[in-house]
file run24.csv (CSV, N, CA and C atoms)
chain,number,residue,atom,x,y,z
A,1,MET,N,-28.1,-13.6,5.1
A,1,MET,CA,-27.2,-14.7,4.8
A,1,MET,C,-25.9,-14.6,5.6
A,2,ASN,N,-24.8,-14.6,4.9
A,2,ASN,CA,-23.5,-14.7,5.5
A,2,ASN,C,-22.8,-13.3,5.5
A,3,ILE,N,-23.5,-12.2,5.6
A,3,ILE,CA,-23.0,-10.9,5.5
A,3,ILE,C,-22.9,-10.3,7.0
A,4,LEU,N,-21.7,-9.9,7.3
A,4,LEU,CA,-21.5,-9.4,8.7
A,4,LEU,C,-21.8,-7.9,8.8
A,5,SER,N,-22.5,-7.4,9.8
A,5,SER,CA,-22.7,-6.0,9.9
A,5,SER,C,-21.6,-5.3,10.8
A,6,GLN,N,-21.0,-6.0,11.6
A,6,GLN,CA,-19.9,-5.5,12.5
A,6,GLN,C,-18.5,-5.8,11.8
A,7,PRO,N,-17.6,-4.9,11.8
A,7,PRO,CA,-16.3,-5.2,11.3
A,7,PRO,C,-15.5,-6.2,12.1
A,8,LYS,N,-14.9,-7.1,11.4
A,8,LYS,CA,-14.0,-8.0,12.1
A,8,LYS,C,-12.6,-7.3,12.2
A,9,LYS,N,-11.6,-8.0,12.7
A,9,LYS,CA,-10.3,-7.4,12.9
A,9,LYS,C,-9.6,-7.1,11.5
A,10,ASP,N,-10.1,-7.8,10.4
A,10,ASP,CA,-9.5,-7.5,9.1
A,10,ASP,C,-10.4,-6.5,8.3
A,11,GLN,N,-11.3,-5.9,9.0
A,11,GLN,CA,-12.2,-5.0,8.3
A,11,GLN,C,-12.1,-3.6,9.0
A,12,ALA,N,-12.4,-2.6,8.2
A,12,ALA,CA,-12.4,-1.2,8.7
A,12,ALA,C,-13.7,-0.5,8.3
A,13,MET,N,-14.3,0.3,9.2
A,13,MET,CA,-15.4,1.1,8.9
A,13,MET,C,-14.9,2.5,8.7
A,14,VAL,N,-15.3,3.0,7.5
A,14,VAL,CA,-14.8,4.4,7.2
A,14,VAL,C,-16.0,5.1,6.6
A,15,SER,N,-16.2,6.4,7.0
A,15,SER,CA,-17.3,7.2,6.4
A,15,SER,C,-16.9,7.6,5.0
A,16,ASN,N,-17.9,7.6,4.1
A,16,ASN,CA,-17.6,8.0,2.8
A,16,ASN,C,-18.3,9.3,2.5
A,17,GLU,N,-18.3,9.8,1.3
A,17,GLU,CA,-18.8,11.1,1.0
A,17,GLU,C,-20.3,11.3,1.3
A,18,ASP,N,-21.1,10.2,1.3
A,18,ASP,CA,-22.5,10.2,1.5
A,18,ASP,C,-22.8,10.1,3.0
A,19,ASP,N,-21.8,10.1,3.9
A,19,ASP,CA,-22.0,9.9,5.3
A,19,ASP,C,-22.5,8.5,5.7
A,20,ARG,N,-22.3,7.6,4.8
A,20,ARG,CA,-22.7,6.2,5.1
A,20,ARG,C,-21.4,5.5,5.5
A,21,GLN,N,-21.5,4.4,6.2
A,21,GLN,CA,-20.4,3.7,6.6
A,21,GLN,C,-20.0,2.7,5.5
A,22,ALA,N,-18.8,2.7,5.0
A,22,ALA,CA,-18.4,1.8,4.0
A,22,ALA,C,-17.5,0.7,4.7
A,23,VAL,N,-17.7,-0.5,4.4
A,23,VAL,CA,-16.9,-1.6,5.0
A,23,VAL,C,-15.8,-2.0,4.0
A,24,TYR,N,-14.5,-2.0,4.5
A,24,TYR,CA,-13.4,-2.4,3.8
A,24,TYR,C,-12.7,-3.6,4.4
A,25,VAL,N,-12.1,-4.4,3.6
A,25,VAL,CA,-11.3,-5.5,4.1
A,25,VAL,C,-9.9,-5.3,3.8
A,26,ALA,N,-9.0,-5.6,4.7
A,26,ALA,CA,-7.6,-5.4,4.5
A,26,ALA,C,-7.1,-6.6,3.6
A,27,PRO,N,-6.5,-6.3,2.5
A,27,PRO,CA,-6.0,-7.3,1.6
A,27,PRO,C,-4.8,-8.0,2.3
A,28,SER,N,-4.6,-9.3,2.0
A,28,SER,CA,-3.4,-10.0,2.4
A,28,SER,C,-2.2,-9.5,1.6
A,29,ALA,N,-1.1,-9.3,2.3
A,29,ALA,CA,0.0,-8.7,1.6
A,29,ALA,C,1.4,-9.2,2.1
A,30,ASP,N,2.4,-9.1,1.3
A,30,ASP,CA,3.7,-9.4,1.6
A,30,ASP,C,4.5,-8.2,1.4
A,31,VAL,N,5.5,-7.9,2.3
A,31,VAL,CA,6.4,-6.7,2.1
A,31,VAL,C,7.8,-7.3,2.1
A,32,GLU,N,8.5,-6.9,1.0
A,32,GLU,CA,9.9,-7.4,0.8
A,32,GLU,C,10.8,-6.2,0.8
A,33,SER,N,11.9,-6.4,1.5
A,33,SER,CA,13.0,-5.4,1.5
A,33,SER,C,14.0,-5.7,0.4
A,34,THR,N,14.4,-4.8,-0.4
A,34,THR,CA,15.4,-5.0,-1.4
A,34,THR,C,16.5,-4.0,-1.2
A,35,ASP,N,17.6,-4.1,-2.0
A,35,ASP,CA,18.7,-3.1,-1.9
A,35,ASP,C,18.3,-1.7,-2.3
A,36,VAL,N,17.3,-1.5,-3.1
A,36,VAL,CA,16.9,-0.2,-3.6
A,36,VAL,C,15.6,0.3,-3.0
A,37,GLY,N,14.9,-0.5,-2.1
A,37,GLY,CA,13.7,0.0,-1.5
A,37,GLY,C,12.9,-1.2,-1.0
A,38,TYR,N,11.6,-1.1,-1.2
A,38,TYR,CA,10.6,-2.1,-0.7
A,38,TYR,C,9.6,-2.4,-1.8
A,39,VAL,N,9.1,-3.7,-1.7
A,39,VAL,CA,8.1,-4.1,-2.7
A,39,VAL,C,6.9,-4.7,-1.8
A,40,ILE,N,5.7,-4.2,-2.1
A,40,ILE,CA,4.5,-4.7,-1.4
A,40,ILE,C,3.7,-5.4,-2.5
A,41,ARG,N,3.3,-6.7,-2.2
A,41,ARG,CA,2.4,-7.4,-3.1
A,41,ARG,C,1.2,-7.7,-2.3
A,42,ALA,N,0.0,-7.3,-2.8
A,42,ALA,CA,-1.2,-7.5,-2.1
A,42,ALA,C,-2.2,-8.2,-3.0
A,43,GLU,N,-3.0,-9.1,-2.4
A,43,GLU,CA,-4.0,-9.8,-3.1
A,43,GLU,C,-5.3,-9.0,-3.1
A,44,MET,N,-5.8,-8.6,-4.3
A,44,MET,CA,-7.0,-7.8,-4.4
A,44,MET,C,-7.8,-8.3,-5.6
A,45,PRO,N,-8.4,-9.5,-5.4
A,45,PRO,CA,-9.2,-10.1,-6.5
A,45,PRO,C,-10.4,-9.2,-6.8
A,46,GLY,N,-10.6,-9.1,-8.1
A,46,GLY,CA,-11.7,-8.4,-8.6
A,46,GLY,C,-11.5,-6.9,-8.8
A,47,VAL,N,-10.3,-6.4,-8.4
A,47,VAL,CA,-9.9,-5.0,-8.6
A,47,VAL,C,-9.2,-4.8,-9.9
A,48,GLU,N,-9.6,-3.9,-10.7
A,48,GLU,CA,-8.9,-3.5,-11.9
A,48,GLU,C,-8.3,-2.2,-11.8
A,49,LYS,N,-7.5,-1.8,-12.7
A,49,LYS,CA,-6.7,-0.5,-12.7
A,49,LYS,C,-7.6,0.7,-12.4
A,50,ASP,N,-8.8,0.8,-13.0
A,50,ASP,CA,-9.7,1.9,-12.8
A,50,ASP,C,-10.4,1.9,-11.4
A,51,GLY,N,-10.3,0.8,-10.7
A,51,GLY,CA,-10.8,0.8,-9.4
A,51,GLY,C,-9.8,0.9,-8.3
A,52,LEU,N,-8.6,1.3,-8.6
A,52,LEU,CA,-7.5,1.3,-7.7
A,52,LEU,C,-7.1,2.8,-7.4
A,53,GLU,N,-6.9,3.1,-6.2
A,53,GLU,CA,-6.4,4.4,-5.8
A,53,GLU,C,-5.4,4.3,-4.7
A,54,ILE,N,-4.2,4.9,-5.0
A,54,ILE,CA,-3.1,4.9,-4.0
A,54,ILE,C,-2.7,6.4,-3.8
A,55,THR,N,-2.8,6.8,-2.5
A,55,THR,CA,-2.4,8.1,-2.1
A,55,THR,C,-1.4,8.1,-1.0
A,56,VAL,N,-0.6,9.2,-1.0
A,56,VAL,CA,0.4,9.4,0.0
A,56,VAL,C,0.2,10.7,0.6
A,57,ASP,N,0.0,10.7,2.0
A,57,ASP,CA,-0.3,12.0,2.7
A,57,ASP,C,0.3,11.8,4.1
A,58,ARG,N,1.0,12.8,4.5
A,58,ARG,CA,1.5,12.9,5.9
A,58,ARG,C,2.2,11.6,6.3
A,59,GLY,N,3.1,11.1,5.5
A,59,GLY,CA,3.8,9.9,5.8
A,59,GLY,C,3.1,8.6,5.8
A,60,GLU,N,1.9,8.6,5.3
A,60,GLU,CA,1.1,7.4,5.2
A,60,GLU,C,0.7,7.1,3.7
A,61,MET,N,0.8,5.8,3.3
A,61,MET,CA,0.3,5.4,2.0
A,61,MET,C,-1.0,4.7,2.2
A,62,ILE,N,-2.0,5.1,1.5
A,62,ILE,CA,-3.4,4.5,1.6
A,62,ILE,C,-3.7,3.8,0.3
A,63,ILE,N,-3.9,2.5,0.3
A,63,ILE,CA,-4.3,1.8,-0.8
A,63,ILE,C,-5.8,1.5,-0.8
A,64,LEU,N,-6.5,1.8,-1.8
A,64,LEU,CA,-7.9,1.6,-1.8
A,64,LEU,C,-8.3,0.9,-3.1
A,65,GLY,N,-8.9,-0.3,-3.1
A,65,GLY,CA,-9.3,-1.0,-4.2
A,65,GLY,C,-10.7,-1.3,-4.2
A,66,ARG,N,-11.4,-0.9,-5.3
A,66,ARG,CA,-12.8,-1.1,-5.4
A,66,ARG,C,-13.1,-2.2,-6.4
A,67,ARG,N,-13.9,-3.1,-6.0
A,67,ARG,CA,-14.3,-4.2,-6.9
A,67,ARG,C,-15.5,-3.8,-7.7
A,68,LYS,N,-15.6,-4.4,-8.9
A,68,LYS,CA,-16.9,-4.3,-9.6
A,68,LYS,C,-17.8,-5.3,-9.0
A,69,PRO,N,-19.1,-5.0,-8.9
A,69,PRO,CA,-20.0,-5.9,-8.3
A,69,PRO,C,-20.2,-7.2,-9.2
A,70,ILE,N,-20.3,-8.3,-8.5
A,70,ILE,CA,-20.5,-9.6,-9.2
A,70,ILE,C,-22.0,-9.7,-9.4
A,71,GLU,N,-22.4,-9.9,-10.7
A,71,GLU,CA,-23.8,-10.0,-11.0
A,71,GLU,C,-24.2,-11.4,-10.7
A,72,VAL,N,-25.3,-11.5,-10.0
A,72,VAL,CA,-25.9,-12.8,-9.7
A,72,VAL,C,-27.2,-12.9,-10.5
A,73,THR,N,-27.2,-13.9,-11.4
A,73,THR,CA,-28.4,-14.0,-12.2
A,73,THR,C,-29.5,-14.9,-11.6
A,74,GLY,N,-29.1,-15.7,-10.7
A,74,GLY,CA,-30.1,-16.6,-10.0
A,74,GLY,C,-30.3,-16.1,-8.6
A,75,GLU,N,-30.9,-17.0,-7.8
A,75,GLU,CA,-31.2,-16.7,-6.4
A,75,GLU,C,-29.9,-17.1,-5.6
A,76,LEU,N,-29.3,-16.1,-4.9
A,76,LEU,CA,-28.2,-16.3,-4.1
A,76,LEU,C,-28.6,-17.0,-2.8
A,77,ILE,N,-28.1,-18.3,-2.6
A,77,ILE,CA,-28.5,-19.0,-1.4
A,77,ILE,C,-27.4,-19.1,-0.3
A,78,TYR,N,-26.2,-18.9,-0.8
A,78,TYR,CA,-25.0,-19.0,0.1
A,78,TYR,C,-23.9,-18.1,-0.4
A,79,ARG,N,-23.3,-17.3,0.5
A,79,ARG,CA,-22.2,-16.4,0.0
A,79,ARG,C,-21.0,-16.6,0.9
A,80,GLU,N,-19.8,-16.9,0.3
A,80,GLU,CA,-18.5,-16.8,1.0
A,80,GLU,C,-17.7,-15.7,0.4
A,81,ILE,N,-17.9,-15.3,-0.8
A,81,ILE,CA,-17.1,-14.2,-1.4
A,81,ILE,C,-17.6,-12.9,-0.8
A,82,ARG,N,-16.7,-12.2,-0.2
A,82,ARG,CA,-17.1,-11.0,0.4
A,82,ARG,C,-17.2,-9.9,-0.6
A,83,PRO,N,-18.3,-9.1,-0.6
A,83,PRO,CA,-18.4,-8.1,-1.6
A,83,PRO,C,-17.7,-6.8,-1.3
A,84,HIS,N,-17.0,-6.8,-0.2
A,84,HIS,CA,-16.4,-5.5,0.3
A,84,HIS,C,-15.2,-5.1,-0.6
A,85,ASP,N,-14.9,-3.8,-0.6
A,85,ASP,CA,-13.7,-3.3,-1.2
A,85,ASP,C,-12.6,-3.4,-0.3
A,86,PHE,N,-11.4,-3.1,-0.8
A,86,PHE,CA,-10.1,-3.3,0.0
A,86,PHE,C,-9.6,-1.9,0.4
A,87,ARG,N,-9.0,-1.9,1.6
A,87,ARG,CA,-8.3,-0.7,2.1
A,87,ARG,C,-7.2,-1.1,3.0
A,88,ARG,N,-6.0,-0.5,2.8
A,88,ARG,CA,-4.9,-0.8,3.7
A,88,ARG,C,-4.0,0.5,3.8
A,89,VAL,N,-3.5,0.7,5.0
A,89,VAL,CA,-2.7,1.9,5.3
A,89,VAL,C,-1.4,1.5,5.8
A,90,TYR,N,-0.3,2.1,5.1
A,90,TYR,CA,1.0,1.8,5.6
A,90,TYR,C,1.7,3.1,6.0
A,91,GLU,N,2.4,3.0,7.1
A,91,GLU,CA,3.2,4.2,7.5
A,91,GLU,C,4.5,4.1,6.8
A,92,LEU,N,4.9,5.2,6.1
A,92,LEU,CA,6.1,5.2,5.3
A,92,LEU,C,7.3,5.6,6.1
A,93,ALA,N,8.4,4.9,5.9
A,93,ALA,CA,9.7,5.4,6.6
A,93,ALA,C,10.2,6.6,5.9
A,94,PRO,N,10.9,7.5,6.6
A,94,PRO,CA,11.4,8.7,6.0
A,94,PRO,C,12.4,8.4,4.8
A,95,SER,N,13.0,7.2,4.8
A,95,SER,CA,13.9,6.9,3.8
A,95,SER,C,13.3,6.6,2.4
A,96,ILE,N,12.0,6.5,2.4
A,96,ILE,CA,11.3,6.2,1.1
A,96,ILE,C,11.0,7.5,0.3
A,97,ASP,N,11.3,7.5,-1.0
A,97,ASP,CA,11.1,8.6,-1.9
A,97,ASP,C,9.6,8.5,-2.4
A,98,SER,N,8.7,9.2,-1.7
A,98,SER,CA,7.3,9.0,-2.1
A,98,SER,C,6.9,9.5,-3.4
A,99,THR,N,7.8,10.4,-4.0
A,99,THR,CA,7.5,10.9,-5.4
A,99,THR,C,7.8,9.9,-6.5
A,100,LYS,N,8.5,8.8,-6.1
A,100,LYS,CA,8.9,7.8,-7.1
A,100,LYS,C,8.2,6.4,-6.9
A,101,ILE,N,7.1,6.4,-6.1
A,101,ILE,CA,6.4,5.1,-5.9
A,101,ILE,C,5.6,4.8,-7.1
A,102,THR,N,5.7,3.5,-7.5
A,102,THR,CA,5.0,3.0,-8.7
A,102,THR,C,4.1,1.8,-8.3
A,103,ALA,N,3.1,1.5,-9.1
A,103,ALA,CA,2.2,0.4,-8.8
A,103,ALA,C,1.8,-0.2,-10.1
A,104,ASN,N,1.5,-1.5,-10.0
A,104,ASN,CA,1.0,-2.3,-11.1
A,104,ASN,C,0.0,-3.3,-10.6
A,105,ILE,N,-1.1,-3.6,-11.3
A,105,ILE,CA,-2.0,-4.6,-10.8
A,105,ILE,C,-2.2,-5.6,-12.0
A,106,ASP,N,-2.0,-6.8,-11.7
A,106,ASP,CA,-2.1,-7.9,-12.8
A,106,ASP,C,-2.8,-9.1,-12.2
A,107,GLU,N,-3.9,-9.5,-12.7
A,107,GLU,CA,-4.7,-10.7,-12.3
A,107,GLU,C,-4.9,-10.7,-10.8
A,108,GLY,N,-5.3,-9.5,-10.2
A,108,GLY,CA,-5.7,-9.4,-8.8
A,108,GLY,C,-4.5,-9.3,-7.9
A,109,ILE,N,-3.3,-9.2,-8.4
A,109,ILE,CA,-2.2,-9.0,-7.5
A,109,ILE,C,-1.6,-7.6,-7.7
A,110,LEU,N,-1.7,-6.8,-6.7
A,110,LEU,CA,-1.1,-5.4,-6.7
A,110,LEU,C,0.3,-5.4,-6.3
A,111,THR,N,1.2,-4.8,-7.1
A,111,THR,CA,2.6,-4.7,-6.8
A,111,THR,C,2.9,-3.3,-6.6
A,112,VAL,N,3.4,-2.8,-5.5
A,112,VAL,CA,3.8,-1.4,-5.2
A,112,VAL,C,5.3,-1.4,-4.9
A,113,THR,N,6.0,-0.6,-5.7
A,113,THR,CA,7.4,-0.4,-5.5
A,113,THR,C,7.7,0.9,-4.8
A,114,LEU,N,8.4,0.8,-3.7
A,114,LEU,CA,8.7,2.0,-2.9
A,114,LEU,C,10.2,2.2,-2.8
A,115,PRO,N,10.8,3.0,-3.7
A,115,PRO,CA,12.2,3.2,-3.7
A,115,PRO,C,12.7,4.0,-2.6
A,116,LYS,N,13.9,3.7,-2.1
A,116,LYS,CA,14.6,4.5,-1.1
A,116,LYS,C,15.0,5.8,-1.7
A,117,ALA,N,15.0,6.9,-0.9
A,117,ALA,CA,15.5,8.2,-1.3
A,117,ALA,C,17.0,8.2,-1.5
A,118,GLU,N,17.4,9.0,-2.4
A,118,GLU,CA,18.9,9.2,-2.6
A,118,GLU,C,19.4,9.8,-1.3
A,119,THR,N,20.4,9.1,-0.7
A,119,THR,CA,20.9,9.6,0.5
A,119,THR,C,22.1,10.6,0.2
A,120,VAL,N,22.4,11.4,1.1
A,120,VAL,CA,23.5,12.3,0.9
A,120,VAL,C,24.8,11.5,1.0
A,121,LYS,N,25.6,11.6,0.0
A,121,LYS,CA,26.8,10.9,0.0
A,121,LYS,C,27.8,11.3,1.1
A,122,PRO,N,28.5,10.4,1.6
A,122,PRO,CA,29.5,10.8,2.6
A,122,PRO,C,30.5,11.8,2.1
A,123,ARG,N,30.9,12.7,2.8
A,123,ARG,CA,31.8,13.7,2.4
A,123,ARG,C,33.2,13.1,2.3
A,124,ASP,N,33.9,13.5,1.2
A,124,ASP,CA,35.3,13.0,1.0
A,124,ASP,C,36.2,13.5,2.2
A,125,ARG,N,37.1,12.7,2.5
A,125,ARG,CA,38.0,13.1,3.6
A,125,ARG,C,39.0,14.2,3.2
A,126,CYS,N,39.2,15.1,4.0
A,126,CYS,CA,40.2,16.2,3.7
A,126,CYS,C,41.6,15.6,3.9
A,127,ALA,N,42.5,16.1,3.1
A,127,ALA,CA,43.9,15.8,3.3
A,127,ALA,C,44.4,16.5,4.5
A,128,ILE,N,45.2,15.8,5.2
A,128,ILE,CA,45.8,16.4,6.4
A,128,ILE,C,47.3,16.4,6.3
A,129,SER,N,47.9,17.5,6.5
A,129,SER,CA,49.4,17.5,6.4
A,129,SER,C,49.9,18.0,7.7
A,130,ALA,N,51.1,17.7,8.0
A,130,ALA,CA,51.8,18.1,9.2
A,130,ALA,C,53.1,18.7,8.8
A,131,ARG,N,53.4,19.8,9.5
A,131,ARG,CA,54.7,20.4,9.2
A,131,ARG,C,55.8,19.7,10.0
A,132,LYS,N,56.9,19.4,9.3
A,132,LYS,CA,58.0,18.7,10.0
A,132,LYS,C,58.6,19.6,11.0
A,133,LYS,N,58.9,19.0,12.1
A,133,LYS,CA,59.6,19.8,13.2
A,133,LYS,C,61.1,19.9,12.8
A,134,THR,N,61.5,21.1,13.0
A,134,THR,CA,63.0,21.3,12.8
A,134,THR,C,63.7,21.3,14.1
A,135,THR,N,64.8,20.6,14.2
A,135,THR,CA,65.5,20.5,15.4
A,135,THR,C,66.7,21.4,15.5

call {"tool": "encode", "arguments": {"input": "run24.csv", "output": "structure tokens"}}
result
Amino acid sequence: MNILSQPKKDQAMVSNEDDRQAVYVAPSADVESTDVGYVIRAEMPGVEKDGLEITVDRGEMIILGRRKPIEVTGELIYREIRPHDFRRVYELAPSIDSTKITANIDEGILTVTLPKAETVKPRDRCAISARKKTT
């Protein structure tokens, strides 16, 4: 039917544990910059909390969302809904505190909050005095 065997530009082929090629689709996402960090909102319909995995390794954040299969009770004669899972990789800026990243998924919308790291405060200025010249 309408299932593609080759990855399109929004798909990725990744080997899984069984040495089979798994096909992932990149979810549509918005990235927002705020005063305290960044917020990523990604559309991941069909993904629930137990099917979501977010890892940070070597400066990259990998988002993986697994859908539960849709049960078809009748004969499937046409398919537009892709049965693929979601995967997206983001390169993290050094200014992000990866230990404080939080995520929430609600009605198929994943929200990831990436707070900026506490920066070193600027050092206070030292008081400078000058000795008065005697004439």

call {"tool": "residues_around", "arguments": {"input": "run24.csv", "residues": "segment 41-55 of chain A", "least_positions_apart": "2", "cutoff": "8 Å", "atoms": "only N, CA and C atoms", "output": "ChimeraX atom specification"}}
result
/A:26-32,38-39,57-58,60-69,86,104-113

call {"tool": "select_by_dssp", "arguments": {"input": "run24.csv", "residues": "segment 49-92 of chain A", "states": "strand (DSSP E)", "output": "list in words"}}
result
Lys49, Asp50, Gly51, Leu52, Glu53, Ile54, Thr55, Val56, Asp57, Glu60, Met61, Ile62, Ile63, Leu64, Gly65, Arg66, Arg67, Asp85, Phe86, Arg87, Arg88, Val89, Tyr90 and Glu91 of chain A

call {"tool": "atom_distance", "arguments": {"input": "run24.csv", "atom1": "atom C of Ala117 of chain A", "atom2": "atom N of Ile101 of chain A"}}
result
11.1 Å

call {"tool": "closest_residue", "arguments": {"input": "run24.csv", "among": "A:Tyr24, A:Ile40, A:Thr34, A:Lys100", "to": "Pro83 of chain A", "atoms": "only N, CA and C atoms"}}
result
A:Tyr24
